[in-house]
2 protein chains.
Amino acid sequence: MSTVSTQRVGRRAKGELARERLKNAAIAVLDRAGYHQLRIKDVTAEAGVAAGLFHHYYSDLRSLVEEILEEHIAKAEATEVIERDVSKGDWFNRLRSHYRFAVRNHAEHPGIMRCIHQFCADDPDFRKRWNASYYKRLELLVDVFPFVFPDSELSADEARLIVYGLSGIGQDLLREYYIERDSPLLALQLSEEELAEWLAVLQYRSLFACNPPKEQLRYASRILTIKRHSSSPEHSDQACKGDLA
Amino acid sequence: MSTVSTQRVGRRAKGELARERLKNAAIAVLDRAGYHQLRIKDVTAEAGVAAGLFHHYYSDLRSLVEEILEEHIAKAEATEVIERDVSKGDWFNRLRSHYRFAVRNHAEHPGIMRCIHQFCADDPDFRKRWNASYYKRLELLVDVFPFVFPDSELSADEARLIVYGLSGIGQDLLREYYIERDSPLLALQLSEEELAEWLAVLQYRSLFACNPPKEQLRYASRILTIKRHSSSPEHSDQACKGDLA
DNA sequence: ATTATTATTGAATTTGGATTCAAGATCAAT
DNA sequence: ATTGATCTTGAATCCAAATTCAATAATAAT
């Protein structure tokens with residue numbers, strides 16, 4: 001059907017290409033300006049096409065942006081497999097994997113993440129769509145709750161309260177760090193892996209009320225030095241030893 | 001100067017009154033529609049005045065809304081005194097007080113909190129203004145870090161990383177709960193005090209890697225039943241006993 | 001080579017809403 | 001009671017940006 005040669009491009013393929021160029025242009029503008037300053041003219045200018053062409057491919061800005069976000073979500077969902085190589089009881093690595101995913105998303109697609117955030121605040125329908133994706137990940141954790149804590153007297157909703165509450169750890173921080181790029185924490189010059197680990201440690205501590213196993217930590221081990229000076233030394237690290245189910 | 005009687009109202013006072021009515025109308029519309037759907041006509045209609053009157057009192061919507069938010073921030077800062085009756089080493093109550101403040105804000109002024117959120121995502125200047133207020137509270141916690149954890153090897157920035165990371169606990173949750181009113185957690189029917197306590201417990205656990213003292217908990221004590229079934233019983237609760245500096 | 005289809009342009013029009021303003025109403029001062 | 005100031009109205013105007021569309025170019029089918 002469509003020619004693959006460099007010069008000759010089929011009509012249909014050419015159309016698809018222009019469509020794609022508009023999309024990429026929009027992403028570029030989203031990155032530097034955000035959704036609410038986005039104008040059709042910005043997009044077509046960035047793509048180097050006439051203003052009128054926009055409506056040949058999209059009915060309005062919102063539908064273009066929705067397509068971008070939808071694709072992002074779909075792609076992320078396809079490749080996440082967050083808990084892929086995490087062994088069954090290895091909770092610290094499970095949490096760290098979730099954060100790796102979140103951190104990578106923010107670091108690689110700040111414009112898109114910002115836009116998702118703006119859409120969620122504005123548009124109930126989109127918020128539902130996003131939450132469906134986001135909560136799917138959270139529910140992975142909620143689901144294993146009764147298995148990990150068989151003795152706990154928590155209801156399912158209470159488990160959810162905990163997971164949803166803890167999911168906020170680092171959310172704002174990631175935004176300030178990667179999107180606004182305007183946080184005192186930028187001074188720390190953290191790599192993605194480092195940041196993911198720190199946040200995972202914080203989450204782990206809250207979940208289990210103890211530290212993750214020392215040997216798993218590659219960057220954030222200094223957090224283990226946090227001890228109430230009023231309590232007996234070496235209290236909790238030992239008790240919550242190992243990390244196997 | 002101005003008459004206090006019910007019927008007769010001075011010229012100046014009448015003006016102030018209309019100004020106030022516009023402001024309250026705007027808050028009402030913010031509550032139900034949010035900043036980005038806010039129109040001057042909506043505000044004047046809600047206030048029951050002609051469209052043109054708006055510009056007699058405000059140059060544009062943004063300045064009106066900024067005034068509303070500025071007043072909110074100022075009032076909140078004036079009355080917060082968050083750590084007022086928290087005794088020096090009583091960390092659990094300190095955290096709980098912070099959450100009481102956050103929860104109350106969301107419960108009482110969902111429209112304004114939503115608007116703050118929207119402004120922060122859009123407007124770098126406002127975000128700075130808000131962060132100045134928000135970080136002021138967080139720095140209360142950062143500042144006492146070296147005092148509470150004298151043996152810790154954390155740098156100031158690392159302490160900040162922890163505090164900022166943990167500050168996210170419950171942020172999204174409060175939005176979904178009080179602003180969007182669309183969270184599976186609504187099923188729990190939590191009172192403000194209950195929610196504040198749950199979130200404080202989560203934060204406390206992450207900070208100290210142990211549970212807060214049982215006797216402080218009025219609602220969330222079931223969280224103490226969370227124990228890794230692989231570890232020895234009663235491990236950390238005892239070690240981190242009491243709560244005095 | 002001719003014809004039909006799709007892609008692209010940019011000027012003209014439309015739209016949603018902010019902004020202005022002349023005129024009328026209300027009020028305090030004299 | 002008259003005057004001058006402020007408050008209020010709503011229709012008229014303005015404006016930025018979206019949207020349309022007739023004309024032209026590029027490509028594919030015959």
# chains A, B, ... in the order shown; residues from 1 in each chain; ligands from 1
$ closest_atom_pairs --of "chain A" --to "chain C" --cutoff "9 Å" --atoms "only C-alpha atoms (C1' of nucleotides)" --output "JSON lines"
{"residue": "A:Arg11", "atom": "CA", "partner": "C:DT6", "partner_atom": "C1'", "distance": 6.9}
{"residue": "A:Arg12", "atom": "CA", "partner": "C:DT6", "partner_atom": "C1'", "distance": 8.0}
{"residue": "A:Lys14", "atom": "CA", "partner": "C:DA7", "partner_atom": "C1'", "distance": 8.2}
{"residue": "A:Gly15", "atom": "CA", "partner": "C:DA7", "partner_atom": "C1'", "distance": 7.1}
{"residue": "A:Val49", "atom": "CA", "partner": "C:DT8", "partner_atom": "C1'", "distance": 8.0}
{"residue": "A:Ala50", "atom": "CA", "partner": "C:DT9", "partner_atom": "C1'", "distance": 6.0}
{"residue": "A:Ala51", "atom": "CA", "partner": "C:DG10", "partner_atom": "C1'", "distance": 7.8}
{"residue": "A:Gly52", "atom": "CA", "partner": "C:DT9", "partner_atom": "C1'", "distance": 7.4}
{"residue": "A:Leu53", "atom": "CA", "partner": "C:DT8", "partner_atom": "C1'", "distance": 6.6}
{"residue": "A:His56", "atom": "CA", "partner": "C:DA7", "partner_atom": "C1'", "distance": 8.9}
$ write_last_selection --atoms "C-alpha atoms" --output "PDB file, in the first residue's frame"
ATOM      1  CA  ARG A  11      -1.436  10.448   0.297  1.00  0.00           C
ATOM      2  CA  ARG A  12      -2.799   8.620   3.278  1.00  0.00           C
ATOM      3  CA  LYS A  14       1.238  11.953   4.325  1.00  0.00           C
ATOM      4  CA  GLY A  15      -1.947  12.741   6.165  1.00  0.00           C
ATOM      5  CA  VAL A  49       1.556  24.275   8.918  1.00  0.00           C
ATOM      6  CA  ALA A  50      -1.304  26.643   8.206  1.00  0.00           C
ATOM      7  CA  ALA A  51      -3.779  27.375  10.953  1.00  0.00           C
ATOM      8  CA  GLY A  52      -6.690  25.977   9.005  1.00  0.00           C
ATOM      9  CA  LEU A  53      -5.114  22.574   8.676  1.00  0.00           C
ATOM     10  CA  HIS A  56      -8.750  18.922   8.987  1.00  0.00           C
TER      11      HIS A  56
END
$ residues_around --residues "stretch 74-81 of chain A" --least-positions-apart "3" --cutoff "12 Å" --atoms "only C-alpha atoms (C1' of nucleotides)" --output "number ranges by chain"
A: 66-71, 84-86, 94, 97-102, 104-106, 108-109, 113, 129-130, 132-134, 136-137, 140
$ write_last_selection --atoms "N, CA, C and O atoms" --output "CSV table (one decimal), in the first residue's frame"
chain,number,residue,atom,x,y,z
A,66,GLU,N,-6.7,15.2,24.4
A,66,GLU,CA,-7.3,14.0,24.9
A,66,GLU,C,-6.6,12.8,24.3
A,66,GLU,O,-6.3,11.8,24.9
A,67,GLU,N,-6.4,12.9,23.0
A,67,GLU,CA,-5.8,11.8,22.2
A,67,GLU,C,-4.3,11.6,22.7
A,67,GLU,O,-3.9,10.5,22.9
A,68,ILE,N,-3.6,12.7,22.9
A,68,ILE,CA,-2.3,12.6,23.5
A,68,ILE,C,-2.3,11.9,24.8
A,68,ILE,O,-1.5,10.9,25.1
A,69,LEU,N,-3.1,12.4,25.7
A,69,LEU,CA,-3.1,11.8,27.0
A,69,LEU,C,-3.6,10.3,27.0
A,69,LEU,O,-3.0,9.5,27.7
A,70,GLU,N,-4.6,10.1,26.2
A,70,GLU,CA,-5.1,8.7,26.1
A,70,GLU,C,-3.9,7.7,25.6
A,70,GLU,O,-3.7,6.7,26.2
A,71,GLU,N,-3.2,8.2,24.6
A,71,GLU,CA,-2.1,7.4,24.1
A,71,GLU,C,-1.0,7.2,25.2
A,71,GLU,O,-0.5,6.1,25.4
A,84,ARG,N,6.5,-6.9,37.7
A,84,ARG,CA,7.1,-7.9,36.9
A,84,ARG,C,8.1,-8.8,37.7
A,84,ARG,O,7.8,-9.9,38.1
A,85,ASP,N,9.3,-8.2,37.8
A,85,ASP,CA,10.3,-9.1,38.4
A,85,ASP,C,10.5,-8.8,39.9
A,85,ASP,O,11.6,-8.7,40.4
A,86,VAL,N,9.4,-8.7,40.6
A,86,VAL,CA,9.5,-8.5,42.0
A,86,VAL,C,9.0,-9.8,42.7
A,86,VAL,O,7.9,-10.3,42.3
A,94,ARG,N,8.7,-4.0,45.6
A,94,ARG,CA,7.5,-3.8,45.0
A,94,ARG,C,7.2,-2.3,45.0
A,94,ARG,O,6.8,-1.6,44.0
A,97,SER,N,9.4,-0.3,42.8
A,97,SER,CA,9.1,-0.4,41.4
A,97,SER,C,7.9,0.5,41.0
A,97,SER,O,8.0,1.2,40.0
A,98,HIS,N,7.0,0.6,41.9
A,98,HIS,CA,5.9,1.6,41.7
A,98,HIS,C,6.5,3.0,41.5
A,98,HIS,O,6.1,3.8,40.7
A,99,TYR,N,7.4,3.4,42.4
A,99,TYR,CA,8.0,4.7,42.3
A,99,TYR,C,8.8,4.9,41.1
A,99,TYR,O,8.9,6.0,40.6
A,100,ARG,N,9.6,3.8,40.7
A,100,ARG,CA,10.4,4.0,39.5
A,100,ARG,C,9.5,4.4,38.4
A,100,ARG,O,9.8,5.3,37.6
A,101,PHE,N,8.3,3.8,38.3
A,101,PHE,CA,7.4,4.1,37.3
A,101,PHE,C,6.9,5.5,37.3
A,101,PHE,O,6.9,6.2,36.3
A,102,ALA,N,6.5,5.9,38.5
A,102,ALA,CA,6.0,7.3,38.7
A,102,ALA,C,7.1,8.3,38.4
A,102,ALA,O,6.9,9.3,37.7
A,104,ARG,N,9.9,8.0,36.5
A,104,ARG,CA,10.2,8.0,35.1
A,104,ARG,C,9.2,8.8,34.3
A,104,ARG,O,9.5,9.6,33.5
A,105,ASN,N,7.9,8.5,34.6
A,105,ASN,CA,6.9,9.3,33.9
A,105,ASN,C,7.1,10.8,34.1
A,105,ASN,O,6.9,11.5,33.1
A,106,HIS,N,7.3,11.2,35.3
A,106,HIS,CA,7.5,12.6,35.5
A,106,HIS,C,8.8,13.2,34.8
A,106,HIS,O,8.8,14.2,34.2
A,108,GLU,N,10.4,11.9,32.2
A,108,GLU,CA,10.4,11.9,30.7
A,108,GLU,C,9.3,12.7,30.1
A,108,GLU,O,9.4,13.1,28.9
A,109,HIS,N,8.2,12.8,30.7
A,109,HIS,CA,7.1,13.5,30.1
A,109,HIS,C,6.5,14.6,31.0
A,109,HIS,O,5.3,14.5,31.3
A,113,MET,N,2.5,15.0,32.1
A,113,MET,CA,2.1,14.8,33.4
A,113,MET,C,1.4,16.1,34.0
A,113,MET,O,0.4,16.0,34.7
A,129,ARG,N,-11.3,8.9,34.2
A,129,ARG,CA,-10.5,8.0,33.3
A,129,ARG,C,-9.1,7.8,33.9
A,129,ARG,O,-8.5,6.7,33.9
A,130,TRP,N,-8.5,8.9,34.4
A,130,TRP,CA,-7.1,8.8,34.9
A,130,TRP,C,-7.1,8.0,36.2
A,130,TRP,O,-6.3,7.2,36.4
A,132,ALA,N,-9.1,5.7,37.0
A,132,ALA,CA,-9.2,4.3,36.7
A,132,ALA,C,-7.8,3.7,36.5
A,132,ALA,O,-7.6,2.6,37.0
A,133,SER,N,-7.0,4.4,35.8
A,133,SER,CA,-5.6,3.9,35.6
A,133,SER,C,-4.8,3.9,36.8
A,133,SER,O,-4.1,3.0,37.1
A,134,TYR,N,-4.9,5.0,37.5
A,134,TYR,CA,-4.1,5.2,38.7
A,134,TYR,C,-4.5,4.3,39.8
A,134,TYR,O,-3.7,3.6,40.5
A,136,LYS,N,-5.9,1.5,39.5
A,136,LYS,CA,-5.6,0.1,39.2
A,136,LYS,C,-4.3,-0.3,39.8
A,136,LYS,O,-4.2,-1.4,40.4
A,137,ARG,N,-3.4,0.7,39.8
A,137,ARG,CA,-2.1,0.4,40.4
A,137,ARG,C,-2.2,0.3,41.9
A,137,ARG,O,-1.7,-0.6,42.6
A,140,LEU,N,-3.7,-2.9,43.3
A,140,LEU,CA,-2.7,-4.0,43.3
A,140,LEU,C,-2.2,-4.1,44.8
A,140,LEU,O,-2.0,-5.2,45.3
$ interface_residues --of "chain D" --to "chain B" --cutoff "12 Å" --atoms "only C-alpha atoms (C1' of nucleotides)" --output "list in words"
DA5, DT6, DC7, DT8, DT9, DG10 and DA11 of chain D
$ write_last_selection --atoms "N, CA, C and O atoms (P, O5', C5', C4', C3', O3' and C1' of nucleotides)" --output "PDB file, in the first residue's frame"
ATOM      1  P    DA D   5     -18.041  66.533  42.463  1.00  0.00           P
ATOM      2  O5'  DA D   5     -18.142  65.050  43.054  1.00  0.00           O
ATOM      3  C5'  DA D   5     -18.036  64.869  44.471  1.00  0.00           C
ATOM      4  C4'  DA D   5     -18.698  63.554  44.830  1.00  0.00           C
ATOM      5  C3'  DA D   5     -18.106  62.350  44.093  1.00  0.00           C
ATOM      6  O3'  DA D   5     -17.486  61.510  45.042  1.00  0.00           O
ATOM      7  C1'  DA D   5     -20.507  62.337  44.042  1.00  0.00           C
ATOM      8  P    DT D   6     -16.589  60.285  44.550  1.00  0.00           P
ATOM      9  O5'  DT D   6     -17.623  59.071  44.590  1.00  0.00           O
ATOM     10  C5'  DT D   6     -18.279  58.753  45.814  1.00  0.00           C
ATOM     11  C4'  DT D   6     -19.442  57.849  45.502  1.00  0.00           C
ATOM     12  C3'  DT D   6     -19.043  56.535  44.827  1.00  0.00           C
ATOM     13  O3'  DT D   6     -19.501  55.490  45.666  1.00  0.00           O
ATOM     14  C1'  DT D   6     -20.918  57.514  43.770  1.00  0.00           C
ATOM     15  P    DC D   7     -19.236  53.958  45.273  1.00  0.00           P
ATOM     16  O5'  DC D   7     -20.651  53.548  44.650  1.00  0.00           O
ATOM     17  C5'  DC D   7     -21.810  53.673  45.473  1.00  0.00           C
ATOM     18  C4'  DC D   7     -23.022  53.194  44.699  1.00  0.00           C
ATOM     19  C3'  DC D   7     -22.869  51.795  44.078  1.00  0.00           C
ATOM     20  O3'  DC D   7     -24.048  51.085  44.420  1.00  0.00           O
ATOM     21  C1'  DC D   7     -23.543  53.360  42.432  1.00  0.00           C
ATOM     22  P    DT D   8     -24.188  49.533  44.057  1.00  0.00           P
ATOM     23  O5'  DT D   8     -24.816  49.604  42.608  1.00  0.00           O
ATOM     24  C5'  DT D   8     -26.163  50.031  42.479  1.00  0.00           C
ATOM     25  C4'  DT D   8     -26.575  50.015  41.019  1.00  0.00           C
ATOM     26  C3'  DT D   8     -26.270  48.720  40.260  1.00  0.00           C
ATOM     27  O3'  DT D   8     -27.502  48.050  40.067  1.00  0.00           O
ATOM     28  C1'  DT D   8     -25.844  50.687  38.947  1.00  0.00           C
ATOM     29  P    DT D   9     -27.545  46.663  39.285  1.00  0.00           P
ATOM     30  O5'  DT D   9     -27.884  47.134  37.811  1.00  0.00           O
ATOM     31  C5'  DT D   9     -28.983  48.042  37.612  1.00  0.00           C
ATOM     32  C4'  DT D   9     -29.024  48.503  36.179  1.00  0.00           C
ATOM     33  C3'  DT D   9     -28.865  47.397  35.143  1.00  0.00           C
ATOM     34  O3'  DT D   9     -30.127  47.158  34.545  1.00  0.00           O
ATOM     35  C1'  DT D   9     -27.609  49.371  34.572  1.00  0.00           C
ATOM     36  P    DG D  10     -30.429  45.732  33.906  1.00  0.00           P
ATOM     37  O5'  DG D  10     -29.985  45.983  32.396  1.00  0.00           O
ATOM     38  C5'  DG D  10     -30.538  47.095  31.702  1.00  0.00           C
ATOM     39  C4'  DG D  10     -29.786  47.280  30.411  1.00  0.00           C
ATOM     40  C3'  DG D  10     -29.514  45.985  29.633  1.00  0.00           C
ATOM     41  O3'  DG D  10     -29.562  46.298  28.251  1.00  0.00           O
ATOM     42  C1'  DG D  10     -27.494  47.065  30.041  1.00  0.00           C
ATOM     43  P    DA D  11     -30.122  45.347  27.178  1.00  0.00           P
ATOM     44  O5'  DA D  11     -30.022  46.249  25.876  1.00  0.00           O
ATOM     45  C5'  DA D  11     -30.170  47.661  25.985  1.00  0.00           C
ATOM     46  C4'  DA D  11     -29.028  48.352  25.251  1.00  0.00           C
ATOM     47  C3'  DA D  11     -28.626  47.683  23.933  1.00  0.00           C
ATOM     48  O3'  DA D  11     -28.355  48.700  22.991  1.00  0.00           O
ATOM     49  C1'  DA D  11     -26.749  47.789  25.344  1.00  0.00           C
TER      50       DA D  11
END
$ atom_distance --atom1 "atom CA of B:Phe208" --atom2 "atom CA of A:Thr225"
10.6 Å
$ residues_around --residues "stretch 168-178 of chain B" --least-positions-apart "2" --cutoff "8 Å" --atoms "only C-alpha atoms (C1' of nucleotides)" --output "list in words"
Tyr164, Gly165, Leu166, Ser167, Gly168, Ile169, Gly170, Gln171, Asp172 and Leu173 of chain A; Val103, His106, Ala107, Pro110, Arg114, Tyr164, Gly165, Leu166, Glu180, Arg181, Asp182, Ser183, Leu185, Leu186, Leu199, Leu202 and Gln203 of chain B
$ residues_around --residues "B:Phe119" --least-positions-apart "2" --cutoff "10 Å" --atoms "only C-alpha atoms (C1' of nucleotides)" --output "list in words"
Gln118 of chain A; Tyr35, His36, Arg62, Val65, Glu66, Leu69, Met113, Arg114, Cys115, Ile116, His117, Ala121, Asp122, Asp123, Pro124, Asp125, Phe126, Arg127 and Trp130 of chain B
$ write_last_selection --atoms "N, CA and C atoms" --output "compact mmCIF listing (two decimals), in the first residue's frame"
# COMPACT_ATOMS: atom_id res chain seq x y z
N GLN A 118 -3.63 19.03 35.20
CA GLN A 118 -4.55 20.13 34.93
C GLN A 118 -5.93 19.60 34.50
N TYR B 35 -12.45 27.46 38.87
CA TYR B 35 -11.95 28.71 38.31
C TYR B 35 -12.08 28.77 36.79
N HIS B 36 -11.82 27.67 36.12
CA HIS B 36 -11.75 27.76 34.67
C HIS B 36 -13.10 27.86 33.98
N ARG B 62 -9.32 37.53 37.45
CA ARG B 62 -8.12 37.07 38.16
C ARG B 62 -7.88 37.88 39.42
N VAL B 65 -10.31 36.91 42.12
CA VAL B 65 -10.01 35.61 42.70
C VAL B 65 -8.72 35.67 43.53
N GLU B 66 -7.75 36.41 43.01
CA GLU B 66 -6.53 36.56 43.80
C GLU B 66 -6.83 37.17 45.16
N LEU B 69 -8.28 34.47 47.37
CA LEU B 69 -7.29 33.50 47.84
C LEU B 69 -6.33 34.16 48.83
N MET B 113 -10.03 25.76 48.11
CA MET B 113 -8.89 24.85 48.02
C MET B 113 -8.72 24.34 46.60
N ARG B 114 -9.82 24.07 45.96
CA ARG B 114 -9.72 23.62 44.58
C ARG B 114 -9.11 24.70 43.71
N CYS B 115 -9.54 25.93 43.96
CA CYS B 115 -9.05 27.04 43.19
C CYS B 115 -7.55 27.25 43.42
N ILE B 116 -7.14 27.14 44.65
CA ILE B 116 -5.71 27.26 44.97
C ILE B 116 -4.93 26.23 44.16
N HIS B 117 -5.46 25.05 44.14
CA HIS B 117 -4.83 23.98 43.40
C HIS B 117 -4.74 24.32 41.91
N ALA B 121 -1.28 25.20 39.57
CA ALA B 121 -0.87 24.44 38.39
C ALA B 121 -0.64 25.36 37.19
N ASP B 122 -1.24 26.54 37.23
CA ASP B 122 -1.24 27.42 36.07
C ASP B 122 -0.28 28.60 36.16
N ASP B 123 -0.19 29.12 37.35
CA ASP B 123 0.39 30.44 37.50
C ASP B 123 1.60 30.37 38.44
N PRO B 124 2.78 30.44 37.86
CA PRO B 124 4.01 30.30 38.64
C PRO B 124 4.08 31.30 39.80
N ASP B 125 3.61 32.52 39.57
CA ASP B 125 3.70 33.51 40.64
C ASP B 125 2.83 33.12 41.82
N PHE B 126 1.61 32.72 41.49
CA PHE B 126 0.75 32.32 42.60
C PHE B 126 1.31 31.08 43.31
N ARG B 127 1.84 30.17 42.50
CA ARG B 127 2.40 28.96 43.11
C ARG B 127 3.48 29.33 44.13
N TRP B 130 1.77 30.64 47.26
CA TRP B 130 1.16 29.56 48.04
C TRP B 130 2.23 28.72 48.72
$ select_by_dssp --residues "chain A" --states "helix (DSSP H, G or I)" --output "VMD selection string"
chain A and resid 11 to 33 35 to 37 40 to 47 51 to 57 61 to 80 91 to 108 110 to 122 124 to 148 156 to 167 171 to 180 184 to 188 192 to 208 214 to 216 221 to 225 236 to 239
$ atom_distance --atom1 "atom CA of B:Glu16" --atom2 "atom CA of B:Ala33"
25.3 Å
